[in-house]
file input_19.tsv (TSV, C-alpha atoms)
chain	number	residue	atom	x	y	z
A	1	MET	CA	93.43	80.97	6.66
A	2	LEU	CA	91.99	78.12	8.77
A	3	TYR	CA	88.50	79.51	8.21
A	4	TRP	CA	88.80	79.27	4.41
A	5	LEU	CA	90.51	75.88	4.52
A	6	LEU	CA	87.70	74.43	6.62
A	7	LYS	CA	84.96	76.09	4.58
A	8	TYR	CA	86.12	75.26	1.07
A	9	ILE	CA	88.53	72.33	1.34
A	10	ILE	CA	88.34	70.31	4.56
A	11	LEU	CA	84.81	70.42	6.03
A	12	GLY	CA	82.64	72.60	3.80
A	13	PRO	CA	82.37	70.26	0.78
A	14	LEU	CA	81.58	67.30	3.06
A	15	LEU	CA	78.90	69.21	4.97
A	16	ARG	CA	77.31	70.38	1.74
A	17	LEU	CA	77.25	66.82	0.42
A	18	ILE	CA	75.71	65.37	3.59
A	19	PHE	CA	73.21	68.09	4.56
A	20	ARG	CA	72.48	69.56	1.08
A	21	PRO	CA	71.56	73.07	2.29
A	22	GLN	CA	68.43	74.50	0.68
A	23	VAL	CA	68.80	78.28	0.63
A	24	GLU	CA	66.34	81.01	-0.31
A	25	GLY	CA	67.12	84.69	-0.75
A	26	LEU	CA	70.90	84.43	-0.73
A	27	GLU	CA	71.00	87.29	-3.24
A	28	HIS	CA	70.01	89.61	-0.38
A	29	VAL	CA	73.45	89.22	1.23
A	30	PRO	CA	75.63	92.00	-0.26
A	31	ASP	CA	78.73	90.97	-2.18
A	32	ARG	CA	80.79	93.68	-0.49
A	33	GLY	CA	80.58	96.23	2.29
A	34	PRO	CA	79.33	95.97	5.89
A	35	ALA	CA	76.10	94.17	6.75
A	36	ILE	CA	74.56	92.51	9.79
A	37	LEU	CA	73.08	89.03	9.45
A	38	ALA	CA	70.42	88.86	12.19
A	39	SER	CA	69.15	85.32	12.69
A	40	ASN	CA	66.90	83.33	14.95
A	41	HIS	CA	68.81	80.77	17.02
A	42	LEU	CA	67.52	77.20	17.19
A	43	SER	CA	70.61	75.03	17.41
A	44	PHE	CA	74.35	74.95	18.07
A	45	SER	CA	74.75	74.13	14.37
A	46	ASP	CA	73.30	77.50	13.28
A	47	SER	CA	76.81	78.96	13.47
A	48	ILE	CA	78.01	76.24	11.11
A	49	PHE	CA	75.32	76.08	8.46
A	50	MET	CA	74.53	79.76	8.03
A	51	PRO	CA	78.16	80.83	7.33
A	52	LEU	CA	78.58	77.72	5.16
A	53	VAL	CA	76.11	78.99	2.55
A	54	VAL	CA	77.35	82.61	2.49
A	55	LYS	CA	80.27	83.29	0.12
A	56	ARG	CA	81.81	85.90	2.40
A	57	LYS	CA	83.21	85.35	5.86
A	58	VAL	CA	80.61	85.76	8.62
A	59	THR	CA	82.01	86.77	12.02
A	60	PHE	CA	80.28	85.82	15.25
A	61	VAL	CA	81.41	86.40	18.81
A	62	ALA	CA	81.44	83.89	21.68
A	63	LYS	CA	82.49	83.84	25.31
A	64	ALA	CA	86.24	83.55	25.82
A	65	GLU	CA	85.82	80.38	27.90
A	66	TYR	CA	85.21	78.44	24.68
A	67	PHE	CA	88.80	79.19	23.69
A	68	THR	CA	90.53	78.22	26.94
A	69	GLY	CA	89.29	74.67	27.63
A	70	LYS	CA	91.73	71.96	28.70
A	71	GLY	CA	92.52	68.63	27.14
A	72	VAL	CA	91.43	67.21	23.80
A	73	LYS	CA	87.85	68.45	24.14
A	74	GLY	CA	89.03	71.97	24.95
A	75	TRP	CA	91.41	71.98	22.00
A	76	LEU	CA	88.73	70.71	19.60
A	77	THR	CA	86.27	73.32	20.85
A	78	LYS	CA	88.82	76.08	20.38
A	79	MET	CA	89.69	74.89	16.88
A	80	PHE	CA	86.00	74.77	15.96
A	81	PHE	CA	85.38	78.37	16.98
A	82	VAL	CA	88.62	79.61	15.44
A	83	GLY	CA	87.83	77.74	12.24
A	84	THR	CA	84.32	79.21	12.02
A	85	GLY	CA	85.62	82.75	12.32
A	86	THR	CA	84.33	83.30	15.85
A	87	ILE	CA	86.00	85.98	17.99
A	88	PRO	CA	86.38	85.43	21.75
A	89	VAL	CA	84.86	88.04	24.07
A	90	ASP	CA	85.87	88.47	27.72
A	91	ARG	CA	82.76	88.19	29.90
A	92	SER	CA	84.47	89.33	33.10
A	93	GLY	CA	83.36	92.52	34.81
A	94	GLY	CA	79.78	92.32	33.56
A	95	ARG	CA	80.61	93.95	30.21
A	96	ALA	CA	79.97	90.95	27.98
A	97	ALA	CA	77.23	92.61	25.93
A	98	GLN	CA	79.20	95.80	25.31
A	99	ALA	CA	82.39	93.87	24.53
A	100	ALA	CA	80.50	91.81	21.95
A	101	LEU	CA	79.05	94.92	20.33
A	102	ASP	CA	82.43	96.66	20.26
A	103	THR	CA	83.98	93.63	18.57
A	104	GLN	CA	81.24	93.38	15.95
A	105	LEU	CA	81.44	97.13	15.35
A	106	ARG	CA	85.11	96.76	14.44
A	107	VAL	CA	84.19	94.01	11.98
A	108	LEU	CA	81.57	96.21	10.33
A	109	ARG	CA	83.80	99.27	10.15
A	110	ALA	CA	86.33	97.10	8.32
A	111	GLY	CA	83.62	96.28	5.76
A	112	GLY	CA	82.82	92.78	7.03
A	113	LEU	CA	79.74	90.69	7.73
A	114	ALA	CA	78.69	90.44	11.37
A	115	GLY	CA	76.51	87.53	12.46
A	116	ILE	CA	74.26	88.10	15.46
A	117	TYR	CA	71.44	86.30	17.27
A	118	PRO	CA	69.18	89.09	18.60
A	119	GLU	CA	67.45	86.69	21.02
A	120	GLY	CA	70.76	86.41	22.85
A	121	THR	CA	70.51	82.65	23.37
A	122	ARG	CA	69.12	79.55	21.71
A	123	SER	CA	65.35	79.23	21.71
A	124	PRO	CA	64.29	76.84	24.49
A	125	ASP	CA	61.29	75.51	22.56
A	126	GLY	CA	61.57	76.51	18.91
A	127	ARG	CA	59.54	79.69	19.18
A	128	LEU	CA	60.95	83.13	18.35
A	129	PHE	CA	61.55	85.33	21.38
A	130	ARG	CA	61.94	89.05	21.97
A	131	GLY	CA	65.10	90.52	20.53
A	132	LYS	CA	67.66	92.42	22.57
A	133	THR	CA	68.39	95.93	21.36
A	134	GLY	CA	72.10	95.38	20.80
A	135	VAL	CA	71.41	94.58	17.14
A	136	ALA	CA	69.75	98.00	16.72
A	137	ARG	CA	72.62	99.79	18.42
A	138	LEU	CA	75.05	97.98	16.16
A	139	ALA	CA	73.10	99.01	13.06
A	140	LEU	CA	72.88	102.64	14.18
A	141	GLU	CA	76.53	102.99	15.14
A	142	SER	CA	77.86	101.26	12.02
A	143	GLY	CA	75.32	102.44	9.46
A	144	ALA	CA	75.20	98.88	8.10
A	145	THR	CA	72.06	97.34	6.65
A	146	VAL	CA	70.50	94.39	8.46
A	147	VAL	CA	69.69	91.18	6.60
A	148	PRO	CA	67.11	89.10	8.52
A	149	VAL	CA	67.81	85.36	8.47
A	150	ALA	CA	65.60	82.41	9.35
A	151	MET	CA	67.05	79.05	10.29
A	152	LEU	CA	64.04	76.92	9.36
A	153	ASN	CA	64.79	73.46	10.69
A	154	SER	CA	68.17	73.37	12.44
A	155	ASP	CA	66.44	72.41	15.71
A	156	VAL	CA	65.33	69.21	13.98
A	157	VAL	CA	68.70	68.61	12.36
A	158	GLN	CA	70.51	69.03	15.68
A	159	PRO	CA	68.22	69.39	18.71
A	160	THR	CA	69.64	70.98	21.86
A	161	GLY	CA	71.72	68.47	23.78
A	162	LYS	CA	72.39	66.23	20.77
A	163	LEU	CA	76.02	65.96	19.72
A	164	ILE	CA	75.48	64.20	16.39
A	165	PRO	CA	73.13	65.93	13.92
A	166	LYS	CA	70.58	64.03	11.86
A	167	VAL	CA	71.40	63.54	8.21
A	168	MET	CA	68.75	65.63	6.49
A	169	ARG	CA	68.50	68.75	4.35
A	170	VAL	CA	69.17	72.02	6.17
A	171	ARG	CA	66.85	74.89	5.20
A	172	ILE	CA	67.77	78.58	5.50
A	173	ARG	CA	65.97	81.72	4.31
A	174	PHE	CA	67.43	85.23	3.90
A	175	GLY	CA	65.18	88.27	3.75
A	176	ALA	CA	65.48	91.64	2.05
A	177	PRO	CA	67.95	94.05	3.72
A	178	LEU	CA	66.57	96.56	6.20
A	179	ASP	CA	67.93	100.11	6.02
A	180	PHE	CA	67.76	102.18	9.20
A	181	SER	CA	69.62	105.25	7.94
A	182	ARG	CA	66.51	107.31	8.71
A	183	TYR	CA	67.46	106.94	12.38
A	184	ALA	CA	71.06	108.13	11.89
A	185	GLY	CA	72.48	109.82	14.97
A	186	MET	CA	69.88	108.30	17.30
A	187	ALA	CA	71.99	105.52	18.82
A	188	GLY	CA	71.30	105.36	22.54
A	189	ASP	CA	67.63	106.33	22.21
A	190	ARG	CA	65.99	103.30	23.80
A	191	PHE	CA	62.65	103.87	22.07
A	192	VAL	CA	64.28	104.02	18.64
A	193	GLU	CA	66.44	100.98	19.39
A	194	ARG	CA	63.41	99.02	20.55
A	195	ALA	CA	61.45	99.98	17.43
A	196	ILE	CA	64.32	98.89	15.17
A	197	THR	CA	64.77	95.62	17.02
A	198	ASP	CA	61.07	94.82	16.84
A	199	GLU	CA	61.08	95.52	13.09
A	200	ILE	CA	63.98	93.11	12.63
A	201	MET	CA	62.31	90.44	14.74
A	202	TYR	CA	59.04	90.86	12.81
A	203	ASP	CA	60.86	90.11	9.56
A	204	VAL	CA	62.58	87.09	11.11
A	205	MET	CA	59.18	85.89	12.33
A	206	GLU	CA	57.70	86.26	8.84
A	207	LEU	CA	60.63	84.44	7.25
A	208	SER	CA	60.69	81.61	9.79
A	209	GLY	CA	56.97	81.03	10.29
A	210	ARG	CA	57.69	80.52	13.99
A	211	GLU	CA	55.40	81.69	16.77
A	212	TYR	CA	56.61	84.94	18.33
A	213	VAL	CA	56.73	85.42	22.10
A	214	ASP	CA	57.23	88.95	23.46
A	215	THR	CA	59.44	87.73	26.29
A	216	TYR	CA	63.20	87.25	26.48
A	217	ALA	CA	64.25	83.64	25.92
A	218	VAL	CA	66.67	83.78	28.85
A	219	LYS	CA	63.76	84.56	31.18
A	220	ILE	CA	61.94	81.42	30.04
A	221	LYS	CA	65.12	79.39	30.57
A	222	ASN	CA	65.61	80.81	34.06
A	223	VAL	CA	62.04	80.01	35.05
A	224	ALA	CA	62.43	76.44	33.76
A	225	ALA	CA	65.73	76.04	35.61
A	226	ALA	CA	64.21	77.30	38.85
A	227	ALA	CA	61.29	74.92	38.52
A	228	ALA	CA	63.66	72.00	37.89
call {"tool": "encode", "arguments": {"input": "input_19.tsv", "output": "structure tokens"}}
result
Amino acid sequence: MLYWLLKYIILGPLLRLIFRPQVEGLEHVPDRGPAILASNHLSFSDSIFMPLVVKRKVTFVAKAEYFTGKGVKGWLTKMFFVGTGTIPVDRSGGRAAQAALDTQLRVLRAGGLAGIYPEGTRSPDGRLFRGKTGVARLALESGATVVPVAMLNSDVVQPTGKLIPKVMRVRIRFGAPLDFSRYAGMAGDRFVERAITDEIMYDVMELSGREYVDTYAVKIKNVAAAAA
């Protein structure tokens, strides 16, 4: 209930008025049934603006720590993630990736829309990085189509580290759905999962116009952190 109140009554109309989202290809998002929205990840605000323009509820997952913070900041953070339809995932025991996939699989099997960032983290420099194969495994195990999504300028609207976004038009582009039913029953085959993931990332690259780097974004971040 909080999700719909925020989206259509409390925050959504105000955000639409201020940031005037410009959306292309929204007709590619199915009106019903399971689908995976696979997007590049440029800014914290991606999880606000992308669900804002989709009529249906989009479910993301996030680490459980976002829901257990103390004080006013912790409460506001929790309310933000609850209000945006985000589901907490326990990262303990080194099973964060599998827990996230299991959660999204339940969403898809219930006929919902699952939002996922195949890069696994925000881009450190605006380029598009190699996708992790979890998105392919999710598509194979659920049978859902994958809709590639390009956030075109959210890194300009709200750069990493900036709390207050710039007042400017947000631009988002949705691509044609990708059907991987030809690979049915092949979940767990790492070569198939890599091929599917690369196909998804290619479409995101084409939609976004961003330079593609065949390296995981987290590796680039770790190298930068070590150098610092």
call {"tool": "atom_distance", "arguments": {"input": "input_19.tsv", "atom1": "atom CA of Lys7 of chain A", "atom2": "atom CA of Leu113 of chain A"}}
result
15.8 Å
call {"tool": "residues_around", "arguments": {"input": "input_19.tsv", "residues": "Ala97 of chain A", "least_positions_apart": "6", "cutoff": "12 Å", "atoms": "all atoms listed in the file", "output": "PDB file with C-alpha atoms, keeping the file's coordinate frame"}}
result
ATOM      1  CA  VAL A  61      81.410  86.400  18.810  1.00  0.00           C
ATOM      2  CA  ALA A  62      81.440  83.890  21.680  1.00  0.00           C
ATOM      3  CA  LYS A  63      82.490  83.840  25.310  1.00  0.00           C
ATOM      4  CA  VAL A  89      84.860  88.040  24.070  1.00  0.00           C
ATOM      5  CA  ASP A  90      85.870  88.470  27.720  1.00  0.00           C
ATOM      6  CA  ARG A  91      82.760  88.190  29.900  1.00  0.00           C
ATOM      7  CA  THR A 103      83.980  93.630  18.570  1.00  0.00           C
ATOM      8  CA  GLN A 104      81.240  93.380  15.950  1.00  0.00           C
ATOM      9  CA  ILE A 116      74.260  88.100  15.460  1.00  0.00           C
ATOM     10  CA  PRO A 118      69.180  89.090  18.600  1.00  0.00           C
ATOM     11  CA  GLY A 120      70.760  86.410  22.850  1.00  0.00           C
ATOM     12  CA  LYS A 132      67.660  92.420  22.570  1.00  0.00           C
ATOM     13  CA  THR A 133      68.390  95.930  21.360  1.00  0.00           C
ATOM     14  CA  GLY A 134      72.100  95.380  20.800  1.00  0.00           C
ATOM     15  CA  VAL A 135      71.410  94.580  17.140  1.00  0.00           C
ATOM     16  CA  ARG A 137      72.620  99.790  18.420  1.00  0.00           C
ATOM     17  CA  LEU A 138      75.050  97.980  16.160  1.00  0.00           C
TER      18      LEU A 138
END
call {"tool": "residues_around", "arguments": {"input": "input_19.tsv", "residues": "segment 166-168 of chain A", "least_positions_apart": "5", "cutoff": "7 Å", "atoms": "only C-alpha atoms", "output": "ChimeraX atom specification"}}
result
/A:18-19,157-158
call {"tool": "closest_residue", "arguments": {"input": "input_19.tsv", "among": "A:Phe80, A:Asp46, A:Thr86, A:Ile36", "to": "Thr59 of chain A", "atoms": "only C-alpha atoms"}}
result
A:Thr86
call {"tool": "closest_residue", "arguments": {"input": "input_19.tsv", "among": "A:Val170, A:Val146, A:Leu2, A:Leu152", "to": "Gly85 of chain A", "atoms": "all atoms listed in the file"}}
result
A:Leu2
call {"tool": "residues_around", "arguments": {"input": "input_19.tsv", "residues": "Val23 of chain A", "least_positions_apart": "6", "cutoff": "7 Å", "atoms": "all atoms listed in the file", "output": "ChimeraX atom specification"}}
result
/A:171-173
call {"tool": "residues_around", "arguments": {"input": "input_19.tsv", "residues": "segment 202-211 of chain A", "least_positions_apart": "6", "cutoff": "9 Å", "atoms": "only C-alpha atoms", "output": "ChimeraX atom specification"}}
result
/A:38-40,126-129,148-152,172-176
call {"tool": "closest_residue", "arguments": {"input": "input_19.tsv", "among": "A:Ala64, A:Leu178, A:Leu26, A:Ile164", "to": "Met50 of chain A", "atoms": "all atoms listed in the file"}}
result
A:Leu26
call {"tool": "atom_distance", "arguments": {"input": "input_19.tsv", "atom1": "atom CA of Ser47 of chain A", "atom2": "atom CA of Glu119 of chain A"}}
result
14.3 Å
call {"tool": "atom_distance", "arguments": {"input": "input_19.tsv", "atom1": "atom CA of Pro159 of chain A", "atom2": "atom CA of Ala224 of chain A"}}
result
17.6 Å
call {"tool": "residues_around", "arguments": {"input": "input_19.tsv", "residues": "Ala114 of chain A", "least_positions_apart": "3", "cutoff": "8 Å", "atoms": "all atoms listed in the file", "output": "ChimeraX atom specification"}}
result
/A:34-37,58-60,104,107-108
call {"tool": "residues_near_point", "arguments": {"input": "input_19.tsv", "point": "(84.0, 71.0, 4.9)", "cutoff": "12 Å", "atoms": "all atoms listed in the file", "output": "list in words"}}
result
Leu2, Tyr3, Trp4, Leu5, Leu6, Lys7, Tyr8, Ile9, Ile10, Leu11, Gly12, Pro13, Leu14, Leu15, Arg16, Leu17, Ile18, Phe19, Ile48, Phe49, Pro51, Leu52, Val53, Phe80, Gly83 and Thr84 of chain A
call {"tool": "closest_residue", "arguments": {"input": "input_19.tsv", "among": "A:Pro165, A:Gly185, A:Gly143, A:Gly25", "to": "Phe44 of chain A", "atoms": "only C-alpha atoms"}}
result
A:Pro165
call {"tool": "axis_aligned_box", "arguments": {"input": "input_19.tsv", "around": "segment 200-209 of chain A", "padding_each_side": "4 Å", "output": "AutoDock Vina command-line options"}}
result
--center_x 60.5 --center_y 87.1 --center_z 11.0 --size_x 15.0 --size_y 20.1 --size_z 15.5
call {"tool": "closest_residue", "arguments": {"input": "input_19.tsv", "among": "A:Ala184, A:Ala225, A:Ala217, A:Val54", "to": "His28 of chain A", "atoms": "all atoms listed in the file"}}
result
A:Val54
call {"tool": "closest_residue", "arguments": {"input": "input_19.tsv", "among": "A:Val218, A:Gly115, A:Val147, A:Arg169", "to": "Arg20 of chain A", "atoms": "all atoms listed in the file"}}
result
A:Arg169
call {"tool": "decode", "arguments": {"input": "input_19.tsv", "residues": "segment 71-202 of chain A", "atoms": "C-alpha atoms", "output": "CSV table (one decimal), in the first residue's frame"}}
result
chain,number,residue,atom,x,y,z
A,71,GLY,CA,17.9,6.9,14.3
A,72,VAL,CA,16.1,9.3,11.9
A,73,LYS,CA,18.4,8.5,9.0
A,74,GLY,CA,18.0,4.8,9.4
A,75,TRP,CA,14.2,5.1,9.6
A,76,LEU,CA,14.1,7.4,6.5
A,77,THR,CA,16.3,4.9,4.6
A,78,LYS,CA,14.1,2.0,5.6
A,79,MET,CA,10.9,3.9,4.5
A,80,PHE,CA,12.5,4.8,1.2
A,81,PHE,CA,13.3,1.2,0.3
A,82,VAL,CA,10.0,-0.1,1.6
A,83,GLY,CA,8.1,2.6,-0.3
A,84,THR,CA,10.0,1.7,-3.6
A,85,GLY,CA,9.0,-1.9,-3.3
A,86,THR,CA,12.5,-3.1,-2.5
A,87,ILE,CA,12.9,-6.5,-0.7
A,88,PRO,CA,15.7,-6.9,1.9
A,89,VAL,CA,18.2,-9.8,1.4
A,90,ASP,CA,20.3,-11.2,4.1
A,91,ARG,CA,24.0,-11.0,3.0
A,92,SER,CA,25.3,-13.2,5.8
A,93,GLY,CA,27.0,-16.5,5.1
A,94,GLY,CA,28.3,-15.4,1.7
A,95,ARG,CA,24.9,-16.3,0.0
A,96,ALA,CA,23.9,-12.8,-1.0
A,97,ALA,CA,23.8,-13.4,-4.7
A,98,GLN,CA,21.8,-16.6,-4.4
A,99,ALA,CA,19.4,-15.1,-1.9
A,100,ALA,CA,18.8,-12.2,-4.2
A,101,LEU,CA,18.0,-14.5,-7.1
A,102,ASP,CA,15.7,-16.7,-5.0
A,103,THR,CA,13.8,-13.6,-4.0
A,104,GLN,CA,13.4,-12.3,-7.5
A,105,LEU,CA,12.5,-15.8,-8.7
A,106,ARG,CA,9.5,-15.8,-6.3
A,107,VAL,CA,8.5,-12.4,-7.7
A,108,LEU,CA,8.5,-13.7,-11.2
A,109,ARG,CA,6.7,-16.9,-10.4
A,110,ALA,CA,4.0,-14.8,-8.9
A,111,GLY,CA,3.7,-13.0,-12.3
A,112,GLY,CA,5.5,-9.8,-11.2
A,113,LEU,CA,8.2,-7.5,-12.6
A,114,ALA,CA,11.7,-8.0,-11.3
A,115,GLY,CA,14.2,-5.1,-11.6
A,116,ILE,CA,17.9,-6.1,-11.8
A,117,TYR,CA,21.2,-4.4,-12.5
A,118,PRO,CA,23.3,-7.0,-14.2
A,119,GLU,CA,26.5,-5.1,-13.5
A,120,GLY,CA,26.0,-5.8,-9.8
A,121,THR,CA,26.9,-2.3,-8.7
A,122,ARG,CA,26.8,1.3,-9.9
A,123,SER,CA,29.2,2.2,-12.8
A,124,PRO,CA,32.2,4.0,-11.4
A,125,ASP,CA,32.7,6.2,-14.4
A,126,GLY,CA,29.6,6.1,-16.6
A,127,ARG,CA,30.7,3.3,-18.8
A,128,LEU,CA,28.8,0.0,-19.1
A,129,PHE,CA,30.6,-3.0,-17.5
A,130,ARG,CA,30.4,-6.7,-17.9
A,131,GLY,CA,27.2,-8.3,-16.7
A,132,LYS,CA,27.0,-11.0,-14.0
A,133,THR,CA,25.3,-14.2,-15.1
A,134,GLY,CA,22.6,-14.1,-12.4
A,135,VAL,CA,20.3,-12.3,-14.8
A,136,ALA,CA,20.6,-15.2,-17.2
A,137,ARG,CA,20.0,-17.8,-14.5
A,138,LEU,CA,16.9,-15.8,-13.4
A,139,ALA,CA,15.6,-15.8,-17.0
A,140,LEU,CA,16.2,-19.5,-17.5
A,141,GLU,CA,14.7,-20.6,-14.2
A,142,SER,CA,11.6,-18.4,-14.5
A,143,GLY,CA,11.0,-18.5,-18.2
A,144,ALA,CA,10.4,-14.7,-18.2
A,145,THR,CA,11.3,-12.4,-21.0
A,146,VAL,CA,14.0,-9.8,-20.4
A,147,VAL,CA,13.4,-6.2,-21.2
A,148,PRO,CA,16.7,-4.3,-21.6
A,149,VAL,CA,16.6,-0.8,-20.1
A,150,ALA,CA,19.0,2.2,-20.5
A,151,MET,CA,19.2,4.9,-17.9
A,152,LEU,CA,20.5,7.7,-20.2
A,153,ASN,CA,21.5,10.5,-17.9
A,154,SER,CA,20.8,9.7,-14.3
A,155,ASP,CA,24.5,10.0,-13.5
A,156,VAL,CA,24.2,13.7,-14.5
A,157,VAL,CA,20.9,14.2,-12.6
A,158,GLN,CA,22.3,12.7,-9.5
A,159,PRO,CA,26.1,11.9,-9.6
A,160,THR,CA,27.5,9.4,-7.1
A,161,GLY,CA,28.0,11.0,-3.8
A,162,LYS,CA,25.5,13.8,-4.3
A,163,LEU,CA,22.5,13.8,-2.1
A,164,ILE,CA,20.4,16.4,-3.9
A,165,PRO,CA,19.7,15.7,-7.6
A,166,LYS,CA,19.8,18.4,-10.2
A,167,VAL,CA,16.5,19.6,-11.5
A,168,MET,CA,16.6,18.5,-15.1
A,169,ARG,CA,14.7,16.0,-17.4
A,170,VAL,CA,15.4,12.4,-16.7
A,171,ARG,CA,15.7,10.2,-19.8
A,172,ILE,CA,15.0,6.4,-19.9
A,173,ARG,CA,14.9,4.0,-22.9
A,174,PHE,CA,13.3,0.5,-22.9
A,175,GLY,CA,14.2,-2.0,-25.6
A,176,ALA,CA,12.4,-4.9,-27.2
A,177,PRO,CA,11.9,-8.0,-25.0
A,178,LEU,CA,14.4,-10.8,-25.3
A,179,ASP,CA,13.1,-14.3,-25.3
A,180,PHE,CA,15.5,-17.1,-24.2
A,181,SER,CA,13.0,-20.0,-24.3
A,182,ARG,CA,15.3,-21.7,-26.8
A,183,TYR,CA,17.6,-22.3,-23.9
A,184,ALA,CA,14.9,-23.9,-21.7
A,185,GLY,CA,16.3,-26.5,-19.3
A,186,MET,CA,19.9,-25.2,-19.6
A,187,ALA,CA,20.1,-23.3,-16.3
A,188,GLY,CA,23.4,-23.9,-14.7
A,189,ASP,CA,25.3,-24.2,-18.0
A,190,ARG,CA,27.9,-21.5,-17.6
A,191,PHE,CA,28.5,-21.1,-21.3
A,192,VAL,CA,24.8,-20.6,-22.0
A,193,GLU,CA,24.4,-18.2,-19.1
A,194,ARG,CA,27.4,-16.2,-20.3
A,195,ALA,CA,26.0,-16.0,-23.8
A,196,ILE,CA,22.6,-14.9,-22.6
A,197,THR,CA,24.1,-12.2,-20.3
A,198,ASP,CA,26.3,-10.9,-23.1
A,199,GLU,CA,23.3,-10.6,-25.4
A,200,ILE,CA,21.4,-8.6,-22.7
A,201,MET,CA,24.4,-6.3,-22.1
A,202,TYR,CA,24.8,-5.8,-25.9
